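Colleague: Contents of model-v2.csv (CSV, C-alpha atoms) are below:
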```
chain,number,residue,atom,x,y,z
E,1,MET,CA,17.4,76.7,-49.0
E,2,LYS,CA,20.8,78.2,-47.9
E,3,LEU,CA,22.4,81.2,-49.4
E,4,ILE,CA,25.4,83.4,-48.7
E,5,PHE,CA,25.9,87.0,-49.9
E,6,LYS,CA,28.0,90.0,-49.3
E,7,LYS,CA,25.8,92.7,-47.8
E,8,GLU,CA,26.6,95.2,-50.6
E,9,LYS,CA,25.4,92.7,-53.3
E,10,ILE,CA,22.1,91.6,-51.6
E,11,MET,CA,21.3,95.1,-50.4
E,12,ASN,CA,21.6,96.5,-53.9
E,13,ALA,CA,19.3,93.8,-55.3
E,14,ILE,CA,16.7,94.4,-52.5
E,15,ASN,CA,16.7,98.2,-53.2
E,16,ILE,CA,16.0,97.4,-56.9
E,17,VAL,CA,13.1,95.0,-56.4
E,18,SER,CA,11.6,96.9,-53.5
E,19,ARG,CA,10.2,99.5,-55.9
E,20,ALA,CA,7.6,97.0,-56.8
E,21,ILE,CA,6.4,96.4,-53.2
E,22,PRO,CA,2.9,97.9,-52.8
E,23,ALA,CA,2.4,100.6,-50.2
E,24,ARG,CA,-0.9,99.0,-49.2
E,25,THR,CA,-2.4,95.6,-50.2
E,26,THR,CA,-4.9,93.0,-48.9
E,27,ASN,CA,-2.6,90.2,-50.1
E,28,PRO,CA,0.2,89.7,-47.6
E,29,ILE,CA,2.5,87.8,-50.0
E,30,LEU,CA,2.7,90.9,-52.2
E,31,GLU,CA,4.5,92.5,-49.2
E,32,CYS,CA,7.3,89.9,-49.6
E,33,ILE,CA,10.4,89.6,-51.7
E,34,LEU,CA,10.8,86.2,-53.4
E,35,PHE,CA,14.2,84.6,-53.0
E,36,ASP,CA,14.5,82.1,-55.8
E,37,ALA,CA,17.6,79.9,-55.8
E,38,SER,CA,16.3,77.2,-58.2
E,39,SER,CA,19.3,77.8,-60.4
E,40,GLU,CA,20.9,81.2,-60.2
E,41,ILE,CA,19.8,83.5,-57.3
E,42,LYS,CA,16.9,85.8,-58.3
E,43,LEU,CA,15.0,88.3,-56.2
E,44,VAL,CA,11.4,89.2,-57.3
E,45,ALA,CA,8.8,91.7,-56.2
E,46,ASN,CA,5.4,92.1,-57.8
E,47,ASP,CA,2.5,94.4,-57.0
E,48,MET,CA,0.5,93.0,-60.0
E,49,ASP,CA,0.9,96.3,-61.9
E,50,LEU,CA,4.7,96.4,-61.7
E,51,GLY,CA,7.0,93.4,-61.4
E,52,ILE,CA,10.8,93.5,-60.9
E,53,GLU,CA,13.2,90.6,-61.1
E,54,THR,CA,17.0,90.9,-60.6
E,55,VAL,CA,19.8,88.4,-60.4
E,56,VAL,CA,22.1,88.8,-57.4
E,57,GLU,CA,25.6,87.4,-57.0
E,58,GLY,CA,25.9,85.0,-54.1
E,59,GLU,CA,26.7,81.4,-53.2
E,60,ILE,CA,24.0,78.7,-53.2
E,61,LYS,CA,24.6,76.1,-50.5
E,62,GLU,CA,21.2,74.6,-50.9
E,63,LYS,CA,18.7,75.3,-53.6
E,64,GLY,CA,15.1,76.4,-52.9
E,65,LYS,CA,12.8,79.4,-52.7
E,66,VAL,CA,11.1,81.4,-50.0
E,67,ALA,CA,9.1,84.7,-49.8
E,68,LEU,CA,10.3,87.0,-47.0
E,69,ASP,CA,8.6,90.1,-45.6
E,70,ALA,CA,10.3,93.0,-47.5
E,71,LYS,CA,10.4,95.4,-44.6
E,72,LEU,CA,11.9,92.9,-42.2
E,73,ILE,CA,14.6,91.5,-44.5
E,74,THR,CA,15.6,95.0,-45.6
E,75,GLU,CA,16.0,96.3,-42.1
E,76,ILE,CA,17.9,93.2,-40.9
E,77,ILE,CA,20.4,93.3,-43.8
E,78,ARG,CA,20.8,97.1,-43.7
E,79,LYS,CA,21.9,97.0,-40.1
E,80,ALA,CA,24.9,94.7,-40.9
E,81,ASP,CA,28.2,96.4,-39.9
E,82,SER,CA,29.8,96.9,-43.3
E,83,ASN,CA,29.3,96.3,-47.1
E,84,GLU,CA,31.7,93.4,-46.8
E,85,SER,CA,29.7,91.6,-44.1
E,86,LEU,CA,28.5,88.2,-45.1
E,87,ILE,CA,24.8,87.6,-44.9
E,88,GLU,CA,23.6,84.0,-44.6
E,89,ILE,CA,19.9,83.1,-45.3
E,90,GLU,CA,18.7,79.6,-44.5
E,91,SER,CA,15.1,78.4,-44.7
E,92,ASP,CA,13.7,75.0,-43.7
E,93,SER,CA,10.7,73.0,-45.0
E,94,SER,CA,8.3,75.1,-42.9
E,95,PHE,CA,9.8,78.3,-44.3
E,96,LEU,CA,11.2,79.4,-40.9
E,97,THR,CA,14.1,81.5,-42.0
E,98,VAL,CA,17.3,82.2,-40.1
E,99,ILE,CA,19.4,85.2,-41.1
E,100,LYS,CA,22.9,85.5,-39.9
E,101,ALA,CA,24.6,88.9,-40.1
E,102,ASP,CA,27.9,89.6,-38.3
E,103,ASN,CA,27.4,88.1,-34.8
E,104,SER,CA,23.6,88.5,-34.8
E,105,LEU,CA,21.0,85.8,-35.5
E,106,PHE,CA,17.5,86.6,-36.7
E,107,ARG,CA,14.6,84.2,-37.1
E,108,ILE,CA,11.5,85.2,-39.2
E,109,GLN,CA,8.6,83.3,-40.7
E,110,GLY,CA,8.7,83.1,-44.4
E,111,ARG,CA,6.1,82.0,-46.9
E,112,ASP,CA,6.0,79.3,-49.5
E,113,GLY,CA,7.7,80.7,-52.6
E,114,GLU,CA,5.5,78.6,-54.9
E,115,GLU,CA,2.6,80.8,-53.8
E,116,PHE,CA,4.3,84.0,-55.0
E,117,PRO,CA,2.8,85.5,-58.2
E,118,TYR,CA,5.5,85.1,-60.9
E,119,LEU,CA,6.0,87.7,-63.5
E,120,PRO,CA,4.0,87.2,-66.8
E,121,TYR,CA,5.9,85.6,-69.7
E,122,ILE,CA,6.6,88.1,-72.5
E,123,GLU,CA,7.5,87.1,-76.0
E,124,LYS,CA,10.6,88.9,-77.2
E,125,ASN,CA,9.6,89.6,-80.8
E,126,ASN,CA,8.9,93.3,-81.0
E,127,TYR,CA,11.4,95.6,-79.3
E,128,ILE,CA,13.5,98.7,-79.3
E,129,SER,CA,16.9,99.3,-77.8
E,130,ILE,CA,18.0,102.7,-76.4
E,131,SER,CA,20.7,103.7,-73.9
E,132,GLN,CA,19.9,103.8,-70.2
E,133,PHE,CA,21.0,107.5,-70.2
E,134,THR,CA,18.4,108.3,-72.9
E,135,LEU,CA,15.5,106.6,-71.1
E,136,LYS,CA,16.4,108.3,-67.8
E,137,GLU,CA,16.6,111.7,-69.6
E,138,VAL,CA,13.3,111.2,-71.5
E,139,VAL,CA,11.4,110.3,-68.4
E,140,ARG,CA,12.9,113.3,-66.6
E,141,GLN,CA,12.0,115.6,-69.4
E,142,THR,CA,8.3,114.5,-69.9
E,143,ILE,CA,6.9,112.8,-66.8
E,144,PHE,CA,6.0,116.1,-64.9
E,145,SER,CA,3.2,116.9,-67.3
E,146,ALA,CA,1.2,113.7,-66.7
E,147,ALA,CA,-1.9,114.0,-64.6
E,148,VAL,CA,-1.2,111.3,-62.0
E,149,ASN,CA,-4.2,112.1,-59.8
E,150,ASP,CA,-6.7,112.6,-62.6
E,151,ASN,CA,-9.7,110.3,-63.1
E,152,ASN,CA,-8.7,110.0,-66.8
E,153,ARG,CA,-6.2,107.1,-66.8
E,154,MET,CA,-4.8,108.1,-70.2
E,155,MET,CA,-3.5,111.3,-68.7
E,156,GLY,CA,-1.7,109.2,-66.1
E,157,GLY,CA,0.3,107.5,-68.8
E,158,GLU,CA,3.3,108.1,-71.0
E,159,TYR,CA,2.6,107.4,-74.7
E,160,ILE,CA,5.5,105.6,-76.4
E,161,GLU,CA,5.2,105.5,-80.2
E,162,VAL,CA,7.7,103.8,-82.4
E,163,LYS,CA,7.9,104.5,-86.2
E,164,SER,CA,10.8,103.2,-88.1
E,165,ASP,CA,13.9,104.9,-86.7
E,166,LYS,CA,12.1,107.4,-84.5
E,167,VAL,CA,10.4,107.1,-81.1
E,168,ARG,CA,8.2,109.7,-79.5
E,169,PHE,CA,7.4,110.0,-75.8
E,170,THR,CA,4.4,112.1,-74.9
E,171,THR,CA,2.6,113.1,-71.7
E,172,LEU,CA,-0.2,115.6,-71.1
E,173,ASP,CA,-2.6,116.8,-68.4
E,174,GLY,CA,-5.1,118.9,-70.2
E,175,HIS,CA,-3.2,122.1,-69.7
E,176,ARG,CA,0.2,121.2,-71.3
E,177,ILE,CA,1.9,118.6,-73.4
E,178,SER,CA,5.5,117.4,-73.2
E,179,ILE,CA,7.1,115.6,-76.2
E,180,ARG,CA,10.5,114.1,-76.6
E,181,ASN,CA,11.5,112.7,-80.0
E,182,ILE,CA,14.4,110.2,-80.2
E,183,ASN,CA,16.3,109.3,-83.4
E,184,MET,CA,17.2,105.6,-83.2
E,185,LYS,CA,20.4,103.9,-84.4
E,186,GLU,CA,18.4,101.2,-86.1
E,187,TYR,CA,15.1,100.8,-88.0
E,188,TYR,CA,12.2,99.2,-86.2
E,189,GLY,CA,8.6,98.5,-87.0
E,190,GLU,CA,5.6,100.4,-85.6
E,191,GLU,CA,4.8,99.9,-81.9
E,192,LYS,CA,2.8,101.9,-79.4
E,193,ALA,CA,1.9,101.7,-75.7
E,194,ILE,CA,0.6,103.8,-72.9
E,195,VAL,CA,2.7,103.2,-69.8
E,196,PRO,CA,1.7,104.3,-66.3
E,197,VAL,CA,4.0,107.1,-65.3
E,198,ARG,CA,4.5,105.5,-61.9
E,199,SER,CA,6.1,102.5,-63.6
E,200,LEU,CA,8.3,104.6,-65.8
E,201,ASN,CA,9.4,106.7,-62.9
E,202,GLU,CA,10.4,103.6,-60.9
E,203,ILE,CA,12.3,102.2,-63.9
E,204,SER,CA,14.2,105.5,-64.3
E,205,LYS,CA,15.3,105.4,-60.7
E,206,ILE,CA,16.7,101.9,-61.2
E,207,VAL,CA,18.7,102.3,-64.4
E,208,SER,CA,22.2,103.6,-64.0
E,209,GLY,CA,22.0,106.4,-66.6
E,210,ASP,CA,25.1,105.1,-68.3
E,211,ASN,CA,25.2,106.1,-72.0
E,212,GLU,CA,27.2,103.0,-72.9
E,213,LYS,CA,24.6,100.6,-71.4
E,214,GLU,CA,21.5,99.6,-73.4
E,215,ILE,CA,18.0,98.9,-72.2
E,216,ILE,CA,15.8,96.8,-74.3
E,217,ILE,CA,12.0,97.4,-74.3
E,218,PHE,CA,9.8,94.6,-75.5
E,219,PHE,CA,6.2,95.3,-76.6
E,220,SER,CA,3.3,92.9,-76.1
E,221,LYS,CA,-0.4,93.2,-76.0
E,222,ASN,CA,-0.8,93.9,-72.3
E,223,HIS,CA,2.7,94.5,-71.0
E,224,LEU,CA,6.0,96.1,-71.6
E,225,LEU,CA,9.2,94.3,-70.6
E,226,PHE,CA,12.3,96.4,-69.8
E,227,GLU,CA,15.6,94.4,-69.7
E,228,PHE,CA,18.9,95.9,-68.6
E,229,ASP,CA,22.0,94.7,-66.7
E,230,GLN,CA,20.8,91.7,-64.7
E,231,THR,CA,17.3,93.1,-64.2
E,232,LYS,CA,13.8,92.7,-65.7
E,233,VAL,CA,10.9,95.0,-65.2
E,234,ILE,CA,7.4,94.2,-66.4
E,235,CYS,CA,4.6,96.7,-66.3
E,236,GLY,CA,1.0,96.6,-67.4
E,237,ILE,CA,-0.1,99.1,-70.0
E,238,ILE,CA,-3.1,101.3,-70.2
E,239,ASP,CA,-5.7,100.0,-72.6
E,240,GLY,CA,-7.2,102.3,-75.2
E,241,GLU,CA,-6.3,104.9,-77.9
E,242,TYR,CA,-4.2,107.8,-76.9
E,243,PHE,CA,-5.3,111.4,-77.5
E,244,LYS,CA,-4.9,112.8,-81.1
E,245,ILE,CA,-2.5,115.6,-80.6
E,246,ASP,CA,-0.8,116.1,-84.0
E,247,HIS,CA,-3.4,118.7,-85.1
E,248,MET,CA,-2.5,120.8,-82.0
E,249,LEU,CA,1.2,121.0,-82.9
E,250,SER,CA,1.0,123.9,-85.2
E,251,LYS,CA,4.2,125.6,-86.5
E,252,ASP,CA,2.4,128.8,-87.3
E,253,SER,CA,3.4,131.7,-85.0
E,254,GLU,CA,3.1,135.5,-84.9
E,255,THR,CA,5.8,136.0,-82.3
E,256,LYS,CA,9.0,134.3,-81.5
E,257,ILE,CA,11.5,135.1,-78.7
E,258,THR,CA,14.9,133.6,-78.1
E,259,ILE,CA,16.0,134.0,-74.5
E,260,ASN,CA,18.6,132.7,-72.0
E,261,LYS,CA,16.9,129.8,-70.3
E,262,ASN,CA,18.5,130.2,-66.8
E,263,GLU,CA,17.6,133.9,-66.7
E,264,LEU,CA,14.0,133.2,-67.5
E,265,ILE,CA,13.8,130.4,-64.9
E,266,SER,CA,15.3,132.8,-62.3
E,267,TYR,CA,12.7,135.5,-63.0
E,268,ILE,CA,9.8,133.1,-63.0
E,269,ASP,CA,11.1,131.5,-59.8
E,270,ARG,CA,11.3,134.9,-58.1
E,271,SER,CA,7.7,135.6,-59.1
E,272,MET,CA,6.5,132.4,-57.5
E,273,ILE,CA,7.4,133.9,-54.0
E,274,PHE,CA,4.0,135.6,-54.1
E,275,ILE,CA,2.0,132.5,-55.0
E,276,ARG,CA,0.6,130.2,-52.3
E,277,GLU,CA,-0.6,126.6,-52.8
E,278,ASN,CA,-4.3,127.4,-53.5
E,279,ASP,CA,-3.5,130.7,-55.3
E,280,HIS,CA,-3.9,130.7,-59.0
E,281,LYS,CA,-2.4,134.0,-59.9
E,282,PRO,CA,-0.8,133.9,-63.4
E,283,ILE,CA,2.5,135.3,-64.4
E,284,ILE,CA,2.2,137.9,-67.2
E,285,LEU,CA,4.7,138.0,-70.1
E,286,ASN,CA,4.8,141.3,-71.9
E,287,ILE,CA,6.9,140.9,-75.1
E,288,ASN,CA,8.3,144.2,-76.4
E,289,GLU,CA,10.8,145.2,-79.0
E,290,SER,CA,14.0,144.1,-77.2
E,291,ASN,CA,12.9,142.7,-73.8
E,292,LEU,CA,10.5,140.4,-72.0
E,293,ASN,CA,8.7,142.0,-69.1
E,294,ILE,CA,7.6,139.5,-66.4
E,295,SER,CA,5.1,140.6,-63.8
E,296,ILE,CA,2.8,139.1,-61.1
E,297,LYS,CA,0.3,140.6,-58.7
E,298,SER,CA,-1.1,138.8,-55.7
E,299,SER,CA,-2.5,139.6,-52.3
E,300,PHE,CA,1.0,139.1,-50.9
E,301,GLY,CA,2.8,141.5,-53.2
E,302,THR,CA,4.0,142.2,-56.7
E,303,MET,CA,7.0,141.5,-58.8
E,304,ASP,CA,8.2,143.1,-62.0
E,305,GLY,CA,11.3,142.5,-64.1
E,306,ASP,CA,12.8,142.8,-67.6
E,307,ILE,CA,15.0,140.3,-69.4
E,308,LEU,CA,16.8,140.9,-72.7
E,309,CYS,CA,15.6,138.7,-75.5
E,310,HIS,CA,15.6,138.5,-79.3
E,311,LYS,CA,12.1,139.0,-80.7
E,312,GLU,CA,10.7,138.2,-84.1
E,313,GLY,CA,7.2,139.3,-85.1
E,314,LYS,CA,4.5,141.1,-83.1
E,315,ASN,CA,4.5,142.5,-79.5
E,316,LEU,CA,2.3,140.4,-77.3
E,317,LYS,CA,1.0,140.2,-73.7
E,318,ILE,CA,0.1,136.7,-72.5
E,319,ALA,CA,-0.3,134.9,-69.1
E,320,PHE,CA,0.5,131.5,-67.9
E,321,ASN,CA,0.5,129.3,-64.8
E,322,PRO,CA,4.2,129.9,-63.8
E,323,LYS,CA,4.7,126.3,-62.6
E,324,PHE,CA,3.9,125.0,-66.1
E,325,LEU,CA,6.5,127.3,-67.7
E,326,ILE,CA,9.2,126.5,-65.2
E,327,ASP,CA,8.7,122.7,-65.3
E,328,ALA,CA,9.2,122.8,-69.1
E,329,LEU,CA,12.2,125.1,-68.9
E,330,ARG,CA,14.0,123.0,-66.3
E,331,ALA,CA,13.6,119.9,-68.4
E,332,ILE,CA,15.6,121.5,-71.3
E,333,ASP,CA,19.4,121.3,-71.4
E,334,ASP,CA,20.0,124.1,-74.0
E,335,GLU,CA,21.4,127.4,-72.9
E,336,GLU,CA,19.0,129.4,-75.0
E,337,VAL,CA,15.4,128.5,-75.7
E,338,ASP,CA,12.9,129.5,-78.4
E,339,LEU,CA,9.3,130.4,-77.4
E,340,TYR,CA,6.6,130.6,-80.1
E,341,PHE,CA,3.3,132.5,-79.7
E,342,THR,CA,0.3,133.2,-81.9
E,343,ASN,CA,-2.0,135.3,-79.7
E,344,ALA,CA,-3.0,135.7,-76.1
E,345,LYS,CA,-5.5,132.8,-76.3
E,346,SER,CA,-3.3,130.3,-78.2
E,347,PRO,CA,-0.7,127.9,-76.7
E,348,CYS,CA,2.9,128.7,-76.3
E,349,PHE,CA,5.4,126.3,-77.9
E,350,ILE,CA,8.9,125.8,-76.6
E,351,ARG,CA,10.9,123.7,-79.1
E,352,ASP,CA,14.3,123.5,-80.7
E,353,ASP,CA,14.9,123.5,-84.5
E,354,GLU,CA,15.3,119.7,-84.7
E,355,GLU,CA,12.2,119.2,-82.5
E,356,ARG,CA,14.0,116.9,-80.2
E,357,TYR,CA,11.7,118.4,-77.6
E,358,ILE,CA,8.3,120.2,-77.8
E,359,TYR,CA,6.5,121.7,-74.9
E,360,LEU,CA,2.9,123.1,-75.4
E,361,ILE,CA,1.5,125.2,-72.6
E,362,LEU,CA,-2.0,126.7,-72.6
E,363,PRO,CA,-2.3,130.4,-71.5
E,364,VAL,CA,-4.7,131.6,-68.8
E,365,ASN,CA,-7.0,134.6,-68.7
E,366,PHE,CA,-5.7,137.7,-66.8
E,367,ILE,CA,-7.0,141.0,-65.7
E,368,GLU,CA,-5.0,144.2,-66.5
```
Any chance you could give the structure as structure tokens?

Modeller:
Amino acid sequence: MKLIFKKEKIMNAINIVSRAIPARTTNPILECILFDASSEIKLVANDMDLGIETVVEGEIKEKGKVALDAKLITEIIRKADSNESLIEIESDSSFLTVIKADNSLFRIQGRDGEEFPYLPYIEKNNYISISQFTLKEVVRQTIFSAAVNDNNRMMGGEYIEVKSDKVRFTTLDGHRISIRNINMKEYYGEEKAIVPVRSLNEISKIVSGDNEKEIIIFFSKNHLLFEFDQTKVICGIIDGEYFKIDHMLSKDSETKITINKNELISYIDRSMIFIRENDHKPIILNINESNLNISIKSSFGTMDGDILCHKEGKNLKIAFNPKFLIDALRAIDDEEVDLYFTNAKSPCFIRDDEERYIYLILPVNFIE
């Protein structure tokens, strides 16, 4: 095999597929990137949970395939002088690989590309198509409320549910729920899948975020396939039925406040000065006639402040984990937000009129 690339092209492709290189593995070939020049040039990485394949622009002098250590090939190419530098990769029948970059010559031992675990085949029957910008935003606005370190695998997944021309993305961790509803341009069937948040997070880092570019998501029994630009990402899905949450999404409320989002974030952020990592002091919201009083007391100090708001309904005093509130607020792009409450023991809902987003946050007990 003999290939020639510009540094910029090959480095970009390596950065994409490297997100599927495992941090630790007992199988050395999974630490490699497959260079497959059987027809066009493809780079592939696969940790058996997440697999990424991307096409890279380059010249094929001799066809072939070889698996190269991801760390080594990345460092060698990264140190080339400029993005216009030509990178030549040549591998012989024993997979000894020579890499030429500028005036430097590197030799590394590759592995047989035929031994590399290829990505599973996915039938392209059931799918949805959304913009790359939308997917990137949906992940940003929901992923923080998944319980990635929890023993319950369901809570470490994002639930994607397709019904006709609507798609709902949901995450939860037992203390809060994040939901984003997307109105689609077309009508689809009914599909659902629970995707590990790690996989979605990696995909969101790869996509460009361009509102004009589409990403197609194909559904199968055991995997999802994401296709965009010249890249394919395949991830396994979590088996089982997701939590029944619709009965929790009550629209009944005794109190509603409309408030400037950035002001509320600023006050909560200030209150968190007095909270240390293992400290579980809550932030107390005291909703009065024309303002929201925010206070916190800890062994390090106290904070108290008032924000103007528009209130409908009853006065209320309620407490929350401040991080849960601020995570949800930072995910919202609106200038003003509506918060709905029933009583001091019931969840707070942050949602807009169209229910594009819904955030449910459970309150915590507090001592006066």

Colleague: Figure out the distance between CA of Val167 (chain E) and CA of Leu360 (chain E), please, to one decimal in Å.

Modeller: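 Spanning CA of Leu360 (chain E) to CA of Val167 (chain E) is a straight-line distance of 18.6 Å.
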
Colleague: Residues at most 8 Å from Asp102 (chain E), counting only C-alpha atoms, excluding those fewer than 4 positions away in the same chain, as number ranges by chain?

Modeller: E: 80-81, 85-87

Colleague: Given the choices E:Tyr118, E:Tyr340, E:Phe144, E:Phe320, which gets closest to Ile284 (chain E) if the distance is worked out from only C-alpha atoms?

Modeller: E:Phe320

Colleague: Smallest atom-to-atom distance to Glu212 (chain E): which of E:Phe324, E:Phe95, E:Phe106, E:Phe133, using only C-alpha atoms?

Modeller: E:Phe133

Colleague: Name the residues in contact with region 123-125 of chain E at a cut-off of 8 Å, using all atoms listed in the file, excluding same-chain residues fewer than 3 positions from it; report them as a list of chain:residue names.

Modeller: E:Phe218, E:Phe219, E:Ser220

Colleague: Given the point (7.2, 77.3, -52.4) in the file's coordinates, find the residues that have an atom at most 7 Å from it, counting all atoms listed in the file, and give them as number ranges by chain.

Modeller: E: 65-66, 112-115

Colleague: Tell me which of E:Glu31, E:Glu84, E:Asp338, E:Glu202 sits closest to Leu50 (chain E), counting all atoms listed in the file.

Modeller: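 The closest residue to Leu50 (chain E) is E:Glu202.
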
Colleague: From the options E:Lys7, E:Lys261, E:Lys256, E:Lys61, which residue's atoms come nearest to Thr74 (chain E), counting only C-alpha atoms?

Modeller: E:Lys7

Colleague: Just how far from CA of Ser266 (chain E) is CA of Arg140 (chain E), in Å to one decimal?

Modeller: 20.1 Å

Colleague: Please compute the CA of Ser91 (chain E)-CA of Asp36 (chain E) distance, one decimal, in Å.

Modeller: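 Between CA of Ser91 (chain E) and CA of Asp36 (chain E) the gap is 11.7 Å.
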
Colleague: Of the candidates E:Ile21, E:Leu325, E:Leu135, E:Ile33, which shows the shortest atom-to-atom distance to Phe226 (chain E), using only C-alpha atoms?

Modeller: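 Nearest candidate to Phe226 (chain E) out of E:Ile21, E:Leu325, E:Leu135, E:Ile33: E:Leu135.
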
Colleague: For Ala328 (chain E), please output as a PDB file with C-alpha atoms, in the coordinates of the input all residues within 8 Å (counting only C-alpha atoms; exclusion window: fewer than 3 positions along the same chain).

Modeller:
```
ATOM      1  CA  GLN E 141      12.000 115.600 -69.400  1.00  0.00           C
ATOM      2  CA  SER E 178       5.500 117.400 -73.200  1.00  0.00           C
ATOM      3  CA  PHE E 324       3.900 125.000 -66.100  1.00  0.00           C
ATOM      4  CA  LEU E 325       6.500 127.300 -67.700  1.00  0.00           C
ATOM      5  CA  ALA E 331      13.600 119.900 -68.400  1.00  0.00           C
ATOM      6  CA  ILE E 332      15.600 121.500 -71.300  1.00  0.00           C
ATOM      7  CA  TYR E 359       6.500 121.700 -74.900  1.00  0.00           C
TER       8      TYR E 359
END
```

Colleague: Using only C-alpha atoms, which of E:Leu200, E:Cys348, E:Met184, E:Ala45 sits nearest Ala146 (chain E)?

Modeller: E:Leu200
